[in-house]
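Peer 1: I'm passing along start_11.cif; it holds mmCIF, C-alpha atoms and all ligand atoms.
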```cif
data_entry
#
loop_
_atom_site.label_atom_id
_atom_site.label_comp_id
_atom_site.auth_asym_id
_atom_site.auth_seq_id
_atom_site.Cartn_x
_atom_site.Cartn_y
_atom_site.Cartn_z
CA MET K 194 102.18 133.33 74.69
CA PRO K 195 103.69 131.08 77.37
CA LYS K 196 104.14 127.43 76.43
CA ILE K 197 105.74 124.18 77.51
CA LYS K 198 107.90 121.63 75.71
CA ILE K 199 107.77 117.97 76.75
CA ASP K 200 110.56 115.52 75.87
CA LYS K 201 108.00 112.80 75.26
CA ASN K 202 110.31 109.81 74.80
CA ARG K 203 111.56 110.28 78.36
CA CYS K 204 108.06 110.46 79.86
CA LYS K 205 107.24 107.61 82.26
CA GLY K 206 103.51 108.24 82.18
CA CYS K 207 102.93 109.09 85.84
CA TYR K 208 100.47 111.83 84.78
CA LEU K 209 101.27 114.02 87.77
CA CYS K 210 101.59 116.96 85.37
CA ILE K 211 98.02 116.43 84.16
CA VAL K 212 96.70 116.58 87.72
CA ASN K 213 98.80 119.64 88.51
CA CYS K 214 98.03 121.88 85.52
CA PRO K 215 95.47 124.38 86.82
CA ASN K 216 94.18 124.91 83.27
CA SER K 217 94.01 121.24 82.18
CA LEU K 218 96.27 121.81 79.17
CA ILE K 219 98.09 118.48 79.21
CA LYS K 220 96.60 115.26 77.89
CA ILE K 221 97.59 111.65 77.30
CA ASP K 222 98.94 110.88 73.83
CA ASP K 223 97.38 108.05 71.80
CA GLU K 224 100.68 106.44 70.81
CA LEU K 225 103.31 104.74 72.92
CA ASN K 226 106.74 106.35 73.32
CA ALA K 227 110.21 104.76 73.32
CA LYS K 228 109.70 103.63 76.93
CA GLY K 229 106.49 101.82 75.98
CA VAL K 230 104.12 104.08 77.88
CA LYS K 231 101.62 106.60 76.65
CA PRO K 232 103.35 109.93 77.18
CA VAL K 233 101.67 113.28 77.67
CA VAL K 234 101.31 116.07 75.15
CA PHE K 235 100.70 119.79 75.53
CA SER K 236 97.32 120.47 74.06
CA GLY K 237 97.97 124.21 73.63
CA GLY K 238 95.59 126.87 74.80
CA LYS K 239 95.77 129.35 77.61
CA CYS K 240 99.06 128.39 79.27
CA THR K 241 100.09 130.89 81.92
CA GLY K 242 103.67 129.64 82.21
CA CYS K 243 103.05 128.93 85.89
CA ALA K 244 105.41 125.89 85.69
CA MET K 245 103.26 123.77 88.02
CA CYS K 246 103.56 120.88 85.55
CA ALA K 247 107.35 121.17 85.36
CA ILE K 248 107.77 121.50 89.12
CA ILE K 249 105.93 118.22 89.78
CA CYS K 250 107.46 116.24 86.87
CA PRO K 251 109.81 113.63 88.40
CA GLU K 252 111.66 113.23 85.10
CA PHE K 253 112.40 116.97 84.63
CA ILE K 254 111.45 116.77 80.97
CA ILE K 255 109.10 119.74 80.85
CA GLU K 256 110.59 123.07 79.87
CA VAL K 257 108.51 126.19 80.39
CA TYR K 258 108.82 129.26 78.16
CA LYS K 259 107.31 132.62 78.90
CA MET S 248 102.51 144.28 91.12
CA LYS S 249 102.50 147.62 89.37
CA LYS S 250 105.74 146.85 87.62
CA LYS S 251 104.40 143.53 86.40
CA ASN S 252 101.33 145.19 84.93
CA ARG S 253 103.46 147.69 83.11
CA LYS S 254 105.51 144.84 81.62
CA LYS S 255 102.37 143.15 80.41
CA ILE S 256 101.12 146.33 78.75
CA ASN S 257 104.50 146.86 77.10
CA ARG S 258 104.45 143.33 75.79
CA SER S 259 101.03 143.55 74.23
CA ALA S 260 101.99 146.91 72.76
CA SER S 261 105.02 145.41 71.06
CA LYS S 262 102.86 142.52 69.88
CA ARG S 263 100.44 144.93 68.28
CA ALA S 264 103.33 146.65 66.59
CA GLY S 265 104.19 143.30 65.00
CA LYS S 266 107.43 142.85 66.94
CA LYS S 267 108.42 139.31 67.82
CA VAL S 268 108.19 138.75 71.57
CA GLU S 269 111.21 136.78 72.68
CA GLU S 270 110.49 133.56 74.54
CA LYS S 271 112.44 132.97 77.69
CA LEU S 272 113.11 129.60 79.26
CA VAL S 273 111.76 130.01 82.80
CA PHE S 274 112.02 126.48 84.11
CA SER S 275 114.42 123.65 83.29
CA ARG S 276 116.74 121.11 84.88
CA PRO S 277 119.29 122.47 87.42
CA GLN S 278 122.96 122.34 86.37
CA SER S 279 124.18 120.08 89.16
CA LEU S 280 121.70 117.38 88.13
CA ARG S 281 123.07 115.14 85.37
CA ASP S 282 120.99 114.96 82.22
CA VAL S 283 120.35 111.21 82.41
CA ASP S 284 117.22 109.11 82.87
CA MET S 285 116.67 108.00 86.46
CA HIS S 286 115.86 104.44 87.46
CA TYR S 287 113.01 105.42 89.77
CA CYS S 288 109.41 104.21 89.26
CA ALA S 289 106.99 106.53 87.43
CA GLY S 290 105.94 109.32 89.76
CA CYS S 291 108.52 108.55 92.47
CA GLY S 292 109.27 111.47 94.80
CA HIS S 293 112.97 110.58 95.13
CA SER S 294 113.74 112.24 91.82
CA ILE S 295 111.88 115.41 92.85
CA VAL S 296 113.88 115.57 96.09
CA HIS S 297 117.11 114.99 94.10
CA ARG S 298 116.20 117.93 91.90
CA LEU S 299 115.35 120.20 94.85
CA VAL S 300 118.75 119.47 96.41
CA CYS S 301 120.41 120.42 93.11
CA GLU S 302 118.33 123.59 92.71
CA VAL S 303 119.34 124.75 96.18
CA ILE S 304 123.01 123.87 95.56
CA ASP S 305 122.97 125.84 92.30
CA GLU S 306 121.17 128.81 93.83
CA PHE S 307 123.45 128.92 96.89
CA LYS S 308 126.48 128.36 94.59
CA ILE S 309 127.84 125.69 96.92
CA ARG S 310 128.47 122.97 94.34
CA ASP S 311 132.20 122.84 95.04
CA ARG S 312 131.69 122.81 98.82
CA VAL S 313 128.94 120.26 99.20
CA ILE S 314 129.46 116.54 99.89
CA GLY S 315 126.44 114.23 99.88
CA ILE S 316 126.27 110.72 101.33
CA ALA S 317 123.99 108.35 99.42
CA PRO S 318 122.12 105.65 101.34
CA VAL S 319 121.25 102.01 100.77
CA GLY S 320 117.73 101.94 99.38
CA CYS S 321 116.19 103.10 96.12
CA ALA S 322 118.41 106.20 96.18
CA VAL S 323 121.58 104.09 96.36
CA ILE S 324 122.91 105.40 93.04
CA ALA S 325 122.12 109.06 93.72
CA TYR S 326 125.80 109.71 92.86
CA ASP S 327 125.01 108.82 89.26
CA TYR S 328 122.54 111.71 89.15
CA TRP S 329 124.18 114.37 91.30
CA ASP S 330 127.03 116.20 89.63
CA PHE S 331 128.94 117.08 92.80
CA ASP S 332 130.93 115.10 95.39
CA VAL S 333 128.98 112.15 96.77
CA SER S 334 130.06 109.26 98.98
CA GLU S 335 128.22 106.03 99.76
CA ALA S 336 127.68 104.37 103.13
CA ALA S 337 126.52 101.01 104.45
CA HIS S 338 122.80 100.73 105.19
CA GLY S 339 121.81 103.30 107.85
CA ARG S 340 125.37 104.49 108.43
CA THR S 341 125.34 107.74 106.47
CA PRO S 342 125.25 109.93 109.63
CA ALA S 343 128.42 108.18 110.89
CA VAL S 344 130.20 108.66 107.55
CA ALA S 345 128.96 112.28 107.40
CA THR S 346 130.29 112.87 110.92
CA ALA S 347 133.74 111.70 109.86
CA ILE S 348 133.78 113.71 106.62
CA LYS S 349 132.56 116.88 108.34
CA ARG S 350 135.13 116.56 111.12
CA VAL S 351 138.07 116.18 108.77
CA ARG S 352 136.76 118.68 106.23
CA PRO S 353 134.97 121.30 108.34
CA ASP S 354 134.68 123.80 105.49
CA ASN S 355 132.52 121.46 103.43
CA ILE S 356 128.75 121.33 103.66
CA VAL S 357 127.95 117.70 104.36
CA PHE S 358 124.53 116.13 104.00
CA THR S 359 123.08 112.64 104.16
CA TYR S 360 120.16 111.41 102.08
CA GLN S 361 118.25 108.56 103.72
CA GLY S 362 115.10 106.49 103.39
CA ASP S 363 112.99 105.39 106.33
CA GLY S 364 114.25 101.79 106.29
CA ASP S 365 117.70 103.34 106.36
CA LEU S 366 117.19 106.07 108.97
CA ALA S 367 114.36 104.75 111.13
CA ALA S 368 115.20 101.03 111.19
CA ILE S 369 118.74 99.77 110.63
CA GLY S 370 120.29 103.22 111.21
CA THR S 371 118.28 104.38 114.24
CA ALA S 372 121.34 104.35 116.48
CA GLU S 373 123.48 106.35 114.05
CA ILE S 374 120.96 109.14 113.50
CA ILE S 375 120.06 109.53 117.17
CA HIS S 376 123.66 109.71 118.32
CA ALA S 377 124.74 112.01 115.49
CA ALA S 378 121.83 114.31 116.40
CA ASN S 379 122.60 114.09 120.09
CA ARG S 380 126.23 114.99 119.48
CA GLY S 381 125.01 117.99 117.54
CA GLU S 382 127.06 117.12 114.46
CA ASN S 383 127.14 119.94 111.90
CA ILE S 384 125.52 117.95 109.16
CA THR S 385 122.24 118.09 107.25
CA VAL S 386 119.98 115.06 106.95
CA ILE S 387 117.43 114.74 104.16
CA PHE S 388 115.10 112.00 105.30
CA VAL S 389 112.81 110.64 102.58
CA ASN S 390 110.05 108.72 104.31
CA ASN S 391 107.87 106.73 101.91
CA GLY S 392 106.50 104.48 104.68
CA VAL S 393 107.98 101.26 103.23
CA TYR S 394 111.20 99.49 102.28
CA GLY S 395 110.95 100.46 98.62
CA MET S 396 114.05 98.87 97.10
CA THR S 397 113.48 95.42 98.53
CA GLY S 398 109.81 95.13 97.56
CA GLY S 399 107.59 97.39 99.65
CA GLN S 400 107.88 95.65 103.02
CA MET S 401 106.59 97.22 106.23
CA ALA S 402 108.96 99.75 107.81
CA PRO S 403 108.91 101.16 111.36
CA THR S 404 107.27 104.27 109.86
CA THR S 405 104.45 102.38 108.07
CA LEU S 406 101.13 103.90 109.17
CA ALA S 407 98.58 102.02 111.26
CA GLY S 408 96.43 99.93 108.93
CA GLN S 409 98.71 100.56 105.93
CA LYS S 410 98.96 97.59 103.58
CA THR S 411 102.46 96.55 102.56
CA SER S 412 103.91 93.31 101.15
CA THR S 413 104.56 92.10 104.70
CA SER S 414 101.38 93.51 106.26
CA ILE S 415 98.83 92.47 103.67
CA ALA S 416 95.89 93.05 106.01
CA GLY S 417 97.30 96.42 107.10
CA ARG S 418 99.76 97.24 109.89
CA SER S 419 98.45 95.90 113.16
CA LEU S 420 99.30 98.09 116.15
CA ARG S 421 98.93 95.07 118.39
CA ASN S 422 101.51 92.98 116.54
CA ASP S 423 103.75 95.60 114.96
CA GLY S 424 103.58 98.54 117.34
CA TYR S 425 103.05 102.19 116.47
CA PRO S 426 104.67 104.05 113.57
CA LEU S 427 107.98 105.45 114.81
CA LYS S 428 107.84 109.26 115.14
CA MET S 429 111.41 110.08 114.18
CA LEU S 430 111.04 113.85 113.91
CA GLU S 431 109.26 114.14 117.24
CA MET S 432 111.95 111.99 118.86
CA LEU S 433 114.79 114.04 117.39
CA ALA S 434 113.06 117.32 118.25
CA VAL S 435 113.65 116.85 121.98
CA LEU S 436 117.43 116.57 121.56
CA PRO S 437 119.32 119.80 122.33
CA GLY S 438 121.90 119.01 119.61
CA VAL S 439 119.31 119.47 116.87
CA ARG S 440 119.00 122.97 115.43
CA TYR S 441 116.34 122.69 112.74
CA LEU S 442 113.72 120.11 111.76
CA GLU S 443 110.85 120.37 109.34
CA ARG S 444 108.44 117.83 107.90
CA VAL S 445 107.44 118.50 104.29
CA SER S 446 106.05 116.58 101.33
CA VAL S 447 106.50 116.57 97.54
CA HIS S 448 103.02 115.51 96.44
CA SER S 449 101.95 118.87 94.96
CA ALA S 450 103.63 121.92 93.46
CA GLN S 451 102.83 124.01 96.56
CA GLU S 452 104.34 121.39 98.86
CA ILE S 453 107.41 121.16 96.61
CA PHE S 454 108.01 124.91 97.16
CA ARG S 455 107.85 124.35 100.90
CA ALA S 456 110.17 121.35 100.66
CA LYS S 457 112.70 123.41 98.72
CA ARG S 458 112.60 126.15 101.33
CA ALA S 459 113.16 123.55 104.03
CA ILE S 460 116.16 122.09 102.17
CA SER S 461 117.64 125.59 101.74
CA LYS S 462 117.23 126.26 105.44
CA ALA S 463 118.69 122.92 106.38
CA LEU S 464 121.76 123.33 104.15
CA GLY S 465 122.11 127.03 104.93
CA VAL S 466 122.17 126.71 108.70
CA VAL S 467 125.06 124.27 108.72
CA LYS S 468 127.97 126.25 110.14
CA SER S 469 131.61 125.39 109.63
CA TYR S 470 133.54 125.26 112.86
C1 LIG K 501 123.11 95.73 106.08
C2 LIG K 501 122.02 95.56 105.07
N1 LIG K 501 120.84 95.01 105.44
C3 LIG K 501 119.85 94.89 104.55
C4 LIG K 501 119.99 95.31 103.27
C5 LIG K 501 118.84 95.14 102.29
N2 LIG K 501 118.18 96.39 101.97
C6 LIG K 501 118.46 97.07 100.86
S1 LIG K 501 117.52 98.43 100.65
C7 LIG K 501 116.67 98.12 102.07
C8 LIG K 501 115.54 98.97 102.54
C9 LIG K 501 115.54 100.37 102.00
O1 LIG K 501 114.39 101.02 102.39
P1 LIG K 501 114.37 102.60 102.64
O2 LIG K 501 115.56 103.00 103.42
O3 LIG K 501 113.04 102.94 103.22
O4 LIG K 501 114.56 103.24 101.21
P2 LIG K 501 113.60 103.23 99.93
O5 LIG K 501 114.10 102.09 99.09
O6 LIG K 501 112.19 103.02 100.40
O7 LIG K 501 113.83 104.55 99.32
C10 LIG K 501 117.14 96.96 102.68
C11 LIG K 501 116.60 96.38 103.91
C12 LIG K 501 121.24 95.87 102.91
N3 LIG K 501 121.46 96.33 101.66
N4 LIG K 501 122.22 95.99 103.81
S1 LIG K 502 104.91 114.44 85.10
FE1 LIG K 502 106.59 114.10 83.62
S2 LIG K 502 106.90 111.87 83.55
FE2 LIG K 502 104.89 112.24 84.53
S3 LIG K 502 103.42 112.16 82.83
FE3 LIG K 502 103.99 114.31 83.04
S4 LIG K 502 105.73 114.60 81.62
FE4 LIG K 502 105.45 112.39 81.89
S1 LIG K 503 102.90 126.04 82.67
FE1 LIG K 503 101.07 126.00 84.00
S2 LIG K 503 99.35 126.45 82.62
FE2 LIG K 503 101.09 125.90 81.31
S3 LIG K 503 100.85 123.70 80.94
FE3 LIG K 503 102.19 123.89 82.73
S4 LIG K 503 100.82 123.83 84.51
FE4 LIG K 503 99.53 124.19 82.69
S1 LIG K 504 110.01 101.50 94.96
FE1 LIG K 504 109.11 103.37 95.78
S2 LIG K 504 110.87 104.61 96.48
FE2 LIG K 504 111.66 103.03 95.11
S3 LIG K 504 111.73 103.97 93.06
FE3 LIG K 504 109.78 102.91 93.23
S4 LIG K 504 108.34 104.46 93.97
FE4 LIG K 504 110.42 105.23 94.37
#
```
Now that the file is in, can you turn its structure into structure tokens?
Ligand SMILES: Cc1ncc(C[n+]2csc(CCOP(=O)(O)OP(=O)(O)O)c2C)c(N)n1
Ligand code: SF4
Ligand code: SF4
Ligand code: SF4
Peer 2:
Amino acid sequence: MPKIKIDKNRCKGCYLCIVNCPNSLIKIDDELNAKGVKPVVFSGGKCTGCAMCAIICPEFIIEVYK
Amino acid sequence: MKKKNRKKINRSASKRAGKKVEEKLVFSRPQSLRDVDMHYCAGCGHSIVHRLVCEVIDEFKIRDRVIGIAPVGCAVIAYDYWDFDVSEAAHGRTPAVATAIKRVRPDNIVFTYQGDGDLAAIGTAEIIHAANRGENITVIFVNNGVYGMTGGQMAPTTLAGQKTSTSIAGRSLRNDGYPLKMLEMLAVLPGVRYLERVSVHSAQEIFRAKRAISKALGVVKSY
């Protein structure tokens, strides 16, 4: 099953990955990260490994596994 | 397509047989991009363009041949992020510095990285004359429509009606003139070989931008 890994303490909270996931599998976390923003988390589910989230992420902190 | 399907079937067959399907990393940071946090604002396209440049450099295997020139503007410390040779230039002067580097080191692939305040305002003369001379350099022009580093002031490229910190009611064509069409201006010069306008606001556009950067770096010939 394809999946993604997000280095959440380096997330700046731009949420571009949320907008770009065609399957809406990324959501905002409830707790702040080391940068003081609410990072994103992978909510699991039917990830296709399309890497749209990783391609748009300006911090390059999303790794995609297939 | 057929091959892909077969792969899929094989995979599910091995899954059924209880075999562990190995996970493969299919997307991560390119090697010529340093693994450090960037100073850019959340969501800024500069970092995406930095990464695309690095992806192309890695894929073309030109890391030891490429020399970038960082601008004045938000991307001023691009050399802290790019793990290949990078020089710095005074505001707007990267095409002049690139001209010099390319002429003394013709075997290197030389590119400039410039914002719109850099290329379309203070450095208008440099870019037009470098283009008109047909210098064998690549220019990556990142147009965000404002002077980002200094506080979002109006640039020559700011769109009509666009609000900036120095055009709070929107750019007035009557007072401020029309947005400068740099690409269209450069397109009429015979010294220019390739121009393309792309964006990095969606994954699809990022693919197109990467293709454009590959073409731009790939067509630079060493004389
Ligand atoms: C000769 C000179 N004039 C003015 C400045 C001040 N200055 C620094 S960055 C900048 C504008 C940069 O805007 P742009 O090129 O659009 O890049 P961005 O920050 O938007 O990426 C200016 C005017 C300077 N550093 N040097
Ligand atoms: S695109 Fe990257 S930096 Fe932006 S919210 Fe998603 S993981 Fe965080
Ligand atoms: S790889 Fe594709 S499907 Fe999976 S989380 Fe990222 S954008 Fe969504
Ligand atoms: S001011 Fe604009 S160009 Fe500069 S880092 Fe922030 S978003 Fe990017």
Peer 1: Any idea what the distance is between atom CA of Asp354 of chain S and atom CA of Val313 of chain S?
Peer 2: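 Spanning atom CA of Asp354 of chain S to atom CA of Val313 of chain S is a straight-line distance of 9.2 Å.
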Peer 1: Using only C-alpha atoms, pick whichever of K:Cys207, K:Lys196, K:Lys201, K:Ser236 has the shortest atom-to-atom distance to chain S.
Peer 2: K:Cys207
Peer 1: Around segment 387-399 of chain S, fit a box with edges along x, y and z, padding it by 3 Å on each side, then list its centre and edge lengths in Å to one decimal as lines of an AutoDock Vina configuration file.
Peer 2:
```
center_x = 112.0
center_y = 104.9
center_z = 101.2
size_x = 16.9
size_y = 25.6
size_z = 14.2
```
Peer 1: Select, as a CSV table (one decimal) with C-alpha atoms, in the coordinates of the input, those residues of chain S with any atom no more than 8 Å from chain K (distances computed using only C-alpha atoms).
Peer 2:
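Contents of result29.csv, freshly written:
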```
chain,number,residue,atom,x,y,z
S,270,GLU,CA,110.5,133.6,74.5
S,271,LYS,CA,112.4,133.0,77.7
S,272,LEU,CA,113.1,129.6,79.3
S,273,VAL,CA,111.8,130.0,82.8
S,274,PHE,CA,112.0,126.5,84.1
S,275,SER,CA,114.4,123.6,83.3
S,276,ARG,CA,116.7,121.1,84.9
S,284,ASP,CA,117.2,109.1,82.9
S,285,MET,CA,116.7,108.0,86.5
S,289,ALA,CA,107.0,106.5,87.4
S,290,GLY,CA,105.9,109.3,89.8
S,291,CYS,CA,108.5,108.6,92.5
S,292,GLY,CA,109.3,111.5,94.8
S,294,SER,CA,113.7,112.2,91.8
S,295,ILE,CA,111.9,115.4,92.8
S,447,VAL,CA,106.5,116.6,97.5
S,448,HIS,CA,103.0,115.5,96.4
S,449,SER,CA,102.0,118.9,95.0
S,450,ALA,CA,103.6,121.9,93.5
S,453,ILE,CA,107.4,121.2,96.6
```
Peer 1: Can you tell me which residues come within 10 Å of ligand LIG 501 (chain K) when counting all atoms listed in the file, ideally as a ChimeraX atom specification?
Peer 2: /S:287,291-293,318-323,337-340,360-370,388-405
Peer 1: Report, in Å with one decimal, the straight-line distance from atom CA of Ser217 of chain K to atom CA of Thr241 of chain K.
Peer 2: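 Between these atoms lies a distance of 11.4 Å.
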Peer 1: Any idea what's packed within 12 Å of segment 341-346 of chain S, counting only C-alpha atoms, ignoring anything in its chain fewer than 5 positions away? Could you give it as a PyMOL selection string?
Peer 2: chain S and resi 313-320+323+333-336+351-353+355-362+365-366+369-388
Peer 1: Please report the interatomic distance between atom CA of Ser461 of chain S and atom CA of Ile304 of chain S in Å with one decimal.
Peer 2: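 Going from atom CA of Ser461 of chain S over to atom CA of Ile304 of chain S covers 8.4 Å.
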Peer 1: Could you list as a list of chain:residue names every residue that has an atom within 8 Å of (104.5, 109.1, 71.4), using the file's coordinates and counting all atoms listed in the file?
Peer 2: K:Lys201, K:Asn202, K:Asp222, K:Asp223, K:Glu224, K:Leu225, K:Asn226, K:Ala227, K:Lys231, K:Pro232
Peer 1: Please, which residues are within 9 Å of (102.7, 99.9, 114.0) by the file's coordinates, counting all atoms listed in the file, and could they come as a PDB file with C-alpha atoms, in the frame of the given file?
Peer 2:
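What ended up in point-v4.pdb:
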```pdb
ATOM      1  CA  ALA S 402     108.960  99.750 107.810  1.00  0.00           C
ATOM      2  CA  PRO S 403     108.910 101.160 111.360  1.00  0.00           C
ATOM      3  CA  THR S 404     107.270 104.270 109.860  1.00  0.00           C
ATOM      4  CA  THR S 405     104.450 102.380 108.070  1.00  0.00           C
ATOM      5  CA  LEU S 406     101.130 103.900 109.170  1.00  0.00           C
ATOM      6  CA  ALA S 407      98.580 102.020 111.260  1.00  0.00           C
ATOM      7  CA  GLY S 408      96.430  99.930 108.930  1.00  0.00           C
ATOM      8  CA  ARG S 418      99.760  97.240 109.890  1.00  0.00           C
ATOM      9  CA  SER S 419      98.450  95.900 113.160  1.00  0.00           C
ATOM     10  CA  LEU S 420      99.300  98.090 116.150  1.00  0.00           C
ATOM     11  CA  ARG S 421      98.930  95.070 118.390  1.00  0.00           C
ATOM     12  CA  ASN S 422     101.510  92.980 116.540  1.00  0.00           C
ATOM     13  CA  ASP S 423     103.750  95.600 114.960  1.00  0.00           C
ATOM     14  CA  GLY S 424     103.580  98.540 117.340  1.00  0.00           C
ATOM     15  CA  TYR S 425     103.050 102.190 116.470  1.00  0.00           C
ATOM     16  CA  PRO S 426     104.670 104.050 113.570  1.00  0.00           C
ATOM     17  CA  LEU S 427     107.980 105.450 114.810  1.00  0.00           C
TER      18      LEU S 427
END
```
Peer 1: Please determine, counting all atoms listed in the file, which residue among S:Ser412, S:Leu442, S:Ser279, S:Lys349 has the shortest atom-to-atom distance to ligand LIG 504 (chain K).
Peer 2: S:Ser412
